[in-house]
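Taking it in order: structure first as structure tokens, then the write-up.
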Amino acid sequence: PPHSSSSPSKKLMEQSGVAVQRFYVADTASEALEAAKRLNAKEIVLKAQILAGGRGKGVFDSGLKGGVHLTKDPTVVGDLAKKMLGFNLSTKQTPKEGVKVKTVMVAEALDITRETYFAILMDRSCNGPVMVGSPQGGMDIEEVAASTPELIFKEVIDIFEGVREDQALRMASNLGFKGPLERQAADQIKKLYDLFLKVDATQVEVNPLGETPEGQVVCFDAKINFDDNAEFRQKAVFAMDDMSESDPTESEAAKWDLKYIGLDGNIACFVNGAGLAMATCDIIDLHGGKPANFLDLGGGVQERQVYEAFKLLTADPKVEAILVNIFGGIVNCAIIANGITKACRELELKVPLVVRLEGTNVQEAKRILAESGLPITSAENLDDAAKKAVAAIKK
């Protein structure tokens, strides 16, 4: 599921009345410099905006080290931004070559006297949302859970009634907020829950939820994950997803409602259903081949999708054979067969094609393939299909 960290998250939190640092987003060095002056802050933090963690320890291909920089002098922000914008930032969570930075965030740096961890997530075992918090924030929460599990506090939320007053105050107190800060933190917790519901999030993680020397409770950094199934009613949120950071083939596949994941083998798989697709990858492996991808057509497949899927598969230079494995329940095999023959003709298929069809309208489908005059090898079952696909490459 898509997630957003930093500026998109900050915008969403700000819209829900959550306390965040004052910030601007800039896509040129001069804008960044302008923003730094406009902030008029004691200290400024400049952050490269990419959807990946570990930015602080990252490295740019411009030679600049660190995707997050602190400075008390606003005039140096422009030069720092020059070394970030248009360059690739590699962190432990990005591909090796890194991700190109197109925007930077310029924010007011606030002193943090104490860092806590707070998250709301959908939890299967509780059938709904759960709040998780720890007074030990700012660091790796997994480590806290492993070494001092007693410092992790949970509250199960009833989705029909929301976060109760006593729950919010108890969590604030467990997070170590004292006196008037306890009330302030409880209010922030409730606002974060409102945001969680409003954007159809599966997780809102704030690390750290900190307190400043002036006695403010502030969300300093957040990561939000969204439910893919809510895309139809969260258009604004999903529009923030930076597709340029995703694999181009995967993005193209998503346009046609195809689930595609590139692998490093040479036998392309074209399957309906995620379970069957995984089994197909496994059985190719079993017979000594290597799958080039995972491609799930899903249930309501149309001829056009079959064509687009073939286009994606044949565009991959690694592909030396294609294995089609369709078990037609909801899927009509004849539609698939028509799509395959049309795609083969129009795309002038150059690699061996092995097809195994089973289920709805399969006789008609087999007739279409047999009479197409195309070099298609048909297979009786999955095992047979995998053997034939592997053999086709060895020729």
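Labels for the structure tokens follow display order: chains A, B, ..., residues from 1 in each chain, ligands from 1.
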
Requested in this report: Based on DSSP run over this structure's backbone, return all residues of segment 111-219 of chain A in helix (DSSP H, G or I), as an MDAnalysis selection string.
Outcome: chainID A and resid 124:126 141:147 149:151 165:174 180:198

Filtering to C-alpha atoms, could you give me those residues as a PDB file, in the first residue's frame?
```
ATOM      1  CA  ARG A 124      -6.226  -8.044  12.605  1.00  0.00           C
ATOM      2  CA  SER A 125      -6.168  -9.746  15.997  1.00  0.00           C
ATOM      3  CA  CYS A 126      -8.320  -6.952  17.479  1.00  0.00           C
ATOM      4  CA  ILE A 141      10.616   0.987  18.084  1.00  0.00           C
ATOM      5  CA  GLU A 142      11.417  -2.677  17.285  1.00  0.00           C
ATOM      6  CA  GLU A 143      14.436  -2.399  19.590  1.00  0.00           C
ATOM      7  CA  VAL A 144      12.305  -0.967  22.400  1.00  0.00           C
ATOM      8  CA  ALA A 145       9.789  -3.792  21.975  1.00  0.00           C
ATOM      9  CA  ALA A 146      12.567  -6.385  22.133  1.00  0.00           C
ATOM     10  CA  SER A 147      14.590  -4.976  25.047  1.00  0.00           C
ATOM     11  CA  PRO A 149       8.468  -4.614  26.226  1.00  0.00           C
ATOM     12  CA  GLU A 150       6.984  -3.082  29.407  1.00  0.00           C
ATOM     13  CA  LEU A 151       7.525   0.357  27.806  1.00  0.00           C
ATOM     14  CA  GLU A 165     -11.511  10.459  26.626  1.00  0.00           C
ATOM     15  CA  ASP A 166     -10.099   8.108  29.283  1.00  0.00           C
ATOM     16  CA  GLN A 167      -8.122   6.177  26.632  1.00  0.00           C
ATOM     17  CA  ALA A 168      -6.559   9.333  25.190  1.00  0.00           C
ATOM     18  CA  LEU A 169      -5.589  10.628  28.651  1.00  0.00           C
ATOM     19  CA  ARG A 170      -4.254   7.242  29.755  1.00  0.00           C
ATOM     20  CA  MET A 171      -2.115   6.980  26.611  1.00  0.00           C
ATOM     21  CA  ALA A 172      -0.834  10.559  27.116  1.00  0.00           C
ATOM     22  CA  SER A 173       0.110   9.707  30.682  1.00  0.00           C
ATOM     23  CA  ASN A 174       1.761   6.419  29.626  1.00  0.00           C
ATOM     24  CA  PRO A 180      -1.073  20.539  31.255  1.00  0.00           C
ATOM     25  CA  LEU A 181       0.917  18.616  28.591  1.00  0.00           C
ATOM     26  CA  GLU A 182      -1.134  15.496  29.317  1.00  0.00           C
ATOM     27  CA  ARG A 183      -4.331  17.208  28.147  1.00  0.00           C
ATOM     28  CA  GLN A 184      -2.522  18.664  25.123  1.00  0.00           C
ATOM     29  CA  ALA A 185      -1.124  15.261  24.133  1.00  0.00           C
ATOM     30  CA  ALA A 186      -4.558  13.633  24.565  1.00  0.00           C
ATOM     31  CA  ASP A 187      -6.021  16.205  22.164  1.00  0.00           C
ATOM     32  CA  GLN A 188      -3.277  15.485  19.607  1.00  0.00           C
ATOM     33  CA  ILE A 189      -3.987  11.748  19.951  1.00  0.00           C
ATOM     34  CA  LYS A 190      -7.679  12.318  19.207  1.00  0.00           C
ATOM     35  CA  LYS A 191      -6.873  14.504  16.200  1.00  0.00           C
ATOM     36  CA  LEU A 192      -4.504  11.840  14.866  1.00  0.00           C
ATOM     37  CA  TYR A 193      -7.291   9.274  15.182  1.00  0.00           C
ATOM     38  CA  ASP A 194      -9.661  11.604  13.288  1.00  0.00           C
ATOM     39  CA  LEU A 195      -7.034  11.833  10.533  1.00  0.00           C
ATOM     40  CA  PHE A 196      -6.564   8.040  10.561  1.00  0.00           C
ATOM     41  CA  LEU A 197     -10.283   7.573   9.826  1.00  0.00           C
ATOM     42  CA  LYS A 198     -10.628  10.492   7.437  1.00  0.00           C
TER      43      LYS A 198
END
```

Requested in this report: DSSP on the backbone, then: every residue of segment 133-286 of chain A marked strand (DSSP E), written as a ChimeraX atom specification.
Outcome: /A:133-134,153-156,201-211,217-219,222-226,259-262,267-271

Report task. Could you check how far atom CA of Val101 of chain A sits from atom CA of Lys255 of chain A, in Å to one decimal? Result ->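 For atom CA of Val101 of chain A relative to atom CA of Lys255 of chain A, the distance reads 24.4 Å.
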
Requested in this report: Can you pull out every residue within 8 Å of segment 330-343 of chain A, counting only C-alpha atoms, but drop anything in the same chain fewer than 2 positions away, and send it as JSON, numbers by chain?
Outcome: {"A": [299, 300, 301, 302, 303, 304, 306, 307, 310, 311, 326, 327, 328, 345, 346, 347, 348, 349, 357, 358, 359, 360, 361, 362, 364, 365, 366, 368, 369, 372, 374]}

Write the selection just made, keeping C-alpha atoms, as a PDB file, in the first residue's frame?
```pdb
ATOM      1  CA  GLY A 299     -10.985 -11.904 -12.135  1.00  0.00           C
ATOM      2  CA  GLY A 300     -12.808  -9.459 -14.407  1.00  0.00           C
ATOM      3  CA  VAL A 301     -10.348  -9.649 -17.257  1.00  0.00           C
ATOM      4  CA  GLN A 302     -11.095  -8.173 -20.695  1.00  0.00           C
ATOM      5  CA  GLU A 303      -9.398  -8.764 -24.053  1.00  0.00           C
ATOM      6  CA  ARG A 304      -7.685  -5.355 -23.900  1.00  0.00           C
ATOM      7  CA  VAL A 306      -4.686  -9.500 -22.106  1.00  0.00           C
ATOM      8  CA  TYR A 307      -3.188  -7.473 -24.942  1.00  0.00           C
ATOM      9  CA  PHE A 310       1.438  -9.295 -23.365  1.00  0.00           C
ATOM     10  CA  LYS A 311       2.831  -5.942 -24.401  1.00  0.00           C
ATOM     11  CA  ILE A 326      -5.400 -19.634 -16.761  1.00  0.00           C
ATOM     12  CA  PHE A 327      -7.916 -21.415 -14.610  1.00  0.00           C
ATOM     13  CA  GLY A 328     -11.197 -19.990 -15.803  1.00  0.00           C
ATOM     14  CA  ARG A 345      -0.254 -11.076 -34.304  1.00  0.00           C
ATOM     15  CA  GLU A 346       0.011  -7.388 -33.509  1.00  0.00           C
ATOM     16  CA  LEU A 347       3.132  -7.614 -31.370  1.00  0.00           C
ATOM     17  CA  GLU A 348       4.781 -10.158 -33.708  1.00  0.00           C
ATOM     18  CA  LEU A 349       5.720 -12.451 -30.858  1.00  0.00           C
ATOM     19  CA  LEU A 357      -6.223 -23.153 -20.145  1.00  0.00           C
ATOM     20  CA  GLU A 358      -8.785 -24.841 -17.933  1.00  0.00           C
ATOM     21  CA  GLY A 359     -12.380 -24.125 -16.942  1.00  0.00           C
ATOM     22  CA  THR A 360     -15.099 -21.908 -18.396  1.00  0.00           C
ATOM     23  CA  ASN A 361     -15.478 -22.208 -22.177  1.00  0.00           C
ATOM     24  CA  VAL A 362     -12.165 -24.063 -22.503  1.00  0.00           C
ATOM     25  CA  GLU A 364     -13.890 -22.948 -27.594  1.00  0.00           C
ATOM     26  CA  ALA A 365     -10.648 -21.351 -26.339  1.00  0.00           C
ATOM     27  CA  LYS A 366      -8.542 -24.325 -27.432  1.00  0.00           C
ATOM     28  CA  ILE A 368      -9.354 -20.503 -31.244  1.00  0.00           C
ATOM     29  CA  LEU A 369      -5.692 -21.182 -30.414  1.00  0.00           C
ATOM     30  CA  SER A 372      -4.939 -19.365 -35.225  1.00  0.00           C
ATOM     31  CA  LEU A 374       0.320 -19.319 -34.548  1.00  0.00           C
TER      32      LEU A 374
END
```

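Minimum distance to Ser251 of chain A across A:Asp228, A:Ile152, A:Leu312, A:Val204 (counting only C-alpha atoms) occurs at A:Leu312.
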
Query raised in the report: Taking into account only C-alpha atoms, which residue in the set A:Lys259, A:Lys11, A:Lys65, A:Arg233 is nearest to Leu295 of chain A?
Result: A:Lys259

Query - For atom CA of Pro317 of chain A and atom CA of Asn88 of chain A, the interatomic separation in Å (one decimal) - result: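 Atom-to-atom, atom CA of Pro317 of chain A to atom CA of Asn88 of chain A, that is 25.8 Å.
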
**Report entry** Within 8 Å of Leu121 of chain A using only C-alpha atoms, minus same-chain residues under 5 positions, as a list in words
**Finding:**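 Residues near the query, excluding close chain neighbours: Pro129, Val130, Met131, Val132, Ala201, Thr202, Gln203 and Val204 of chain A.
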
Would you put the residues from that selection into a file with N, CA and C atoms, as an mmCIF file, in the first residue's frame?
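Result file follows (selection-v9.cif):
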```
data_model
loop_
_atom_site.group_PDB
_atom_site.id
_atom_site.type_symbol
_atom_site.label_atom_id
_atom_site.label_comp_id
_atom_site.auth_asym_id
_atom_site.auth_seq_id
_atom_site.Cartn_x
_atom_site.Cartn_y
_atom_site.Cartn_z
ATOM 1 N N PRO A 129 -8.868 -0.788 14.894
ATOM 2 C CA PRO A 129 -7.707 0.053 15.180
ATOM 3 C C PRO A 129 -7.170 -0.138 16.599
ATOM 4 N N VAL A 130 -5.862 -0.003 16.726
ATOM 5 C CA VAL A 130 -5.198 -0.082 18.021
ATOM 6 C C VAL A 130 -4.216 1.091 18.112
ATOM 7 N N MET A 131 -4.160 1.707 19.288
ATOM 8 C CA MET A 131 -3.133 2.728 19.515
ATOM 9 C C MET A 131 -1.959 2.049 20.189
ATOM 10 N N VAL A 132 -0.764 2.388 19.742
ATOM 11 C CA VAL A 132 0.449 1.846 20.356
ATOM 12 C C VAL A 132 1.336 3.029 20.699
ATOM 13 N N ALA A 201 -6.589 5.409 6.501
ATOM 14 C CA ALA A 201 -5.226 4.934 6.734
ATOM 15 C C ALA A 201 -5.254 3.525 7.301
ATOM 16 N N THR A 202 -4.189 2.771 7.046
ATOM 17 C CA THR A 202 -4.025 1.494 7.736
ATOM 18 C C THR A 202 -3.029 1.685 8.867
ATOM 19 N N GLN A 203 -2.250 2.795 8.776
ATOM 20 C CA GLN A 203 -1.290 3.094 9.831
ATOM 21 C C GLN A 203 -0.932 4.577 9.823
ATOM 22 N N VAL A 204 -0.911 5.172 11.017
ATOM 23 C CA VAL A 204 -0.367 6.519 11.173
ATOM 24 C C VAL A 204 0.685 6.378 12.263
#
```
